[in-house]
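Trainee: Would you mind keeping the following structure in view while I ask a few things?
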Amino acid sequence: MFAVIKTGGKQYKVAEGDEIIVEKLDADAGKDVTFEDVLLIGKDGKVEVGAPVVEGATVIGKVAEQRKGAKVMIFKKRQRSTYRRKKGHRQLQTVVTIESILAKGQKPAAKKAAAKAPAADTPAADTAAPEAASAPKKAAAKKAEAKAEPKAAAPKKAAPKKADAKAEADDRGRLTAAQGQADDLKKITGVGPAFEKKLNGAGIYHFWQIAGLKKAQIAALEEDLNMSGRVERDDWVSQAKALAKGA
C-alpha cells in the first residue's frame, strides 16, 4: 500500500516504513505527525485519486530528527560593476518515518498498555503466617542433613570462550552476516530505521565497515541503495569512526 502526500509545497510518494525528508514541521523528535493532504492511495493494484485530496484518508508518521540540510551557496554579480555578494543557506528539514497509511474510515492501531502486576490477595497473606512459624523447624532439619552428608565438590567453572576474530569484509567492504551483535547504525545522522534495514540487506552491519569505506566502495553502495551523495553529504565515514572508537 502506498500514498502520495503533499507538505511544504511538495509531493512525496510514501509507503509504511519509508523515511522522507520534508520542509521543517512544528514537532519535536519522537512525536507523531499526521498528513491530511493525501492526493492518492494505491492498494492491491487499485488506485484512488483525490479531488483534490482523498476524503477521510490520512498518513501517520513519527519525527525521527530535526536538522539542517546541505549548504547552498548564493552568489550575485553585476556586469561592469564591483558589486559582489556571496551568501550561504542551510534549509531547516524534518526527517519523518512513515508508520501507517489510513484510508477512509480507518483508525490507527491502539498502542498496548503495560500489564499491571496483580495485587496480593488477603487469603495468601493469611496462609503465610503458619508457614513463617514452621520456617525455624525446617531450617534446623536442613542443617542436620547437611552435617550428616559429605559436601559435594563444587563444579568447575567453564573457561570463558574467546571472542571470535573480526570477520574480513569483501572487496566492497561488506559482510555476509553480522559479526556478533550488529551495531545501532541509527546513531549516524541521516540513517533511520528504514535505511538501517537497507544497509543490513547490503551487508553493512558495523560502524567499522562504514569507517573503512573507500570512494569506489561508497559509489557502489550509493548506487545499490539509490542514495546518491548521502554518504558524503552527511559525512557518514567520520561519524562512524567516532562511534567505532566508543563501541
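Numbering starts fresh at 1 for the residues of each chain in the C-alpha cells, the chains themselves are lettered A, B, ... in the order given, and ligands are numbered from 1 as they appear.
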Within 6 Å of stretch 201-204 of chain A, counting only C-alpha atoms, which residues show up once you throw out same-chain ones fewer than 6 positions away? Write them as a PDB file with N, CA and C atoms, in the first residue's frame, please.

Mentor:
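Here's the written file result-v2.pdb:
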```pdb
ATOM      1  N   ARG A 174      31.853  -5.323   2.563  1.00  0.00           N
ATOM      2  CA  ARG A 174      30.592  -5.855   3.101  1.00  0.00           C
ATOM      3  C   ARG A 174      30.789  -7.257   3.675  1.00  0.00           C
ATOM      4  N   LEU A 175      29.821  -7.666   4.526  1.00  0.00           N
ATOM      5  CA  LEU A 175      29.844  -8.980   5.164  1.00  0.00           C
ATOM      6  C   LEU A 175      28.619  -9.777   4.748  1.00  0.00           C
ATOM      7  N   THR A 176      28.738 -11.112   4.804  1.00  0.00           N
ATOM      8  CA  THR A 176      27.580 -11.953   4.514  1.00  0.00           C
ATOM      9  C   THR A 176      26.632 -12.023   5.714  1.00  0.00           C
TER      10      THR A 176
END
```

Trainee: With only C-alpha atoms as the atoms that count, which of A:Val237, A:Val14, A:Val49, A:Val191 lies nearest to A:Ala64?

Mentor: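 The answer is A:Val191, which sits nearest to A:Ala64.
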
Trainee: Which residues, written as number ranges by chain, have at least one atom at most 9 Å from stretch 23-29 of chain A, with only C-alpha atoms counted and residues fewer than 6 positions away on the same chain left out?

Mentor: A: 7-10, 62-67, 91-95

Trainee: Using only C-alpha atoms, which of the listed residues (A:Ile210, A:Val33, A:Ile20, A:Ala103) sits closest to A:Ser238?

Mentor: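 The closest residue to A:Ser238 is A:Ile210.
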
Trainee: Please, what distance in Å, to one decimal, runs between atom CA of A:Thr97 and atom CA of A:Gly61?

Mentor: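 Between atom CA of A:Thr97 and atom CA of A:Gly61 the gap is 5.4 Å.
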
Trainee: Give me the residues near A:Ser100 as number ranges by chain, where near means some atom within 8 Å (using only C-alpha atoms) and where sequence neighbours in that chain fewer than 5 positions away do not count.

Mentor: A: 15-16, 59-61, 108

Trainee: I'd like to know which of A:Ile188, A:Ala219, A:Ala194, A:Leu225 is closest to A:Lys241, using only C-alpha atoms.

Mentor: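 Distance minimum relative to A:Lys241 lands on A:Ile188.
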
Trainee: Can you tell me how far atom CA of A:Leu102 sits from atom CA of A:Tyr12, in Å to one decimal?

Mentor: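 Rounded to one decimal, the two atoms are 16.0 Å apart.
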
Trainee: Excluding A:Lys71 and residues on its chain fewer than 3 positions from it, collect all residues at most 8 Å away from it, counting only C-alpha atoms, and give them as a short mmCIF file (atom, residue, chain, number, x, y, z; two decimals) with N, CA and C atoms, in the first residue's frame.

Mentor:
```
data_model
loop_
_atom_site.label_atom_id
_atom_site.label_comp_id
_atom_site.auth_asym_id
_atom_site.auth_seq_id
_atom_site.Cartn_x
_atom_site.Cartn_y
_atom_site.Cartn_z
N GLY A 88 25.61 31.94 2.12
CA GLY A 88 25.32 30.52 2.25
C GLY A 88 23.98 30.32 2.95
N HIS A 89 23.30 29.23 2.60
CA HIS A 89 21.99 28.95 3.20
C HIS A 89 21.86 27.44 3.48
N ARG A 90 21.35 27.10 4.67
CA ARG A 90 21.05 25.70 5.01
C ARG A 90 19.58 25.62 5.40
N GLN A 91 18.81 24.89 4.61
CA GLN A 91 17.37 24.78 4.82
C GLN A 91 17.05 23.90 6.04
#
```

Trainee: Would you kindly return, as a short mmCIF file (atom, residue, chain, number, x, y, z; two decimals) with C-alpha atoms, in the first residue's frame, each protein, DNA or RNA residue with an atom no farther than 7 Å from any atom of stretch 3-5 of chain A, considering only C-alpha atoms and excluding same-chain residues fewer than 5 positions away?

Mentor:
```
data_model
loop_
_atom_site.label_atom_id
_atom_site.label_comp_id
_atom_site.auth_asym_id
_atom_site.auth_seq_id
_atom_site.Cartn_x
_atom_site.Cartn_y
_atom_site.Cartn_z
CA GLN A 11 4.55 15.96 -3.13
CA TYR A 12 6.00 12.70 -1.78
CA LYS A 13 5.22 9.06 -2.63
CA VAL A 14 5.37 7.07 0.64
CA ALA A 15 4.82 3.56 1.99
CA ASP A 37 -3.39 16.23 2.34
CA VAL A 38 -3.43 12.75 0.78
CA LEU A 39 -3.68 13.13 -3.00
CA LEU A 40 -3.67 9.45 -3.97
CA ILE A 41 -3.86 5.97 -2.41
CA GLY A 42 -2.84 2.72 -4.10
#
```

Trainee: Pick out the closest residue to A:Gly180 from this set: A:Arg78, A:Gly192, A:Tyr205, A:Lys198. Count only C-alpha atoms.

Mentor: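 Using only C-alpha atoms, A:Gly180 sits closest to A:Tyr205.
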
Trainee: May I have the residues within 10 Å of A:Lys214 as JSON, numbers by chain, using only C-alpha atoms and disregarding those fewer than 6 positions away in the same chain?

Mentor: {"A": [172, 173, 220, 237]}

Trainee: Using DSSP secondary structure from the backbone, list all strand (DSSP E or B) positions within stretch 31-111 of chain A, as a VMD selection string.

Mentor: chain A and resid 32 to 35 38 to 43 46 to 49 58 to 77 84 to 102
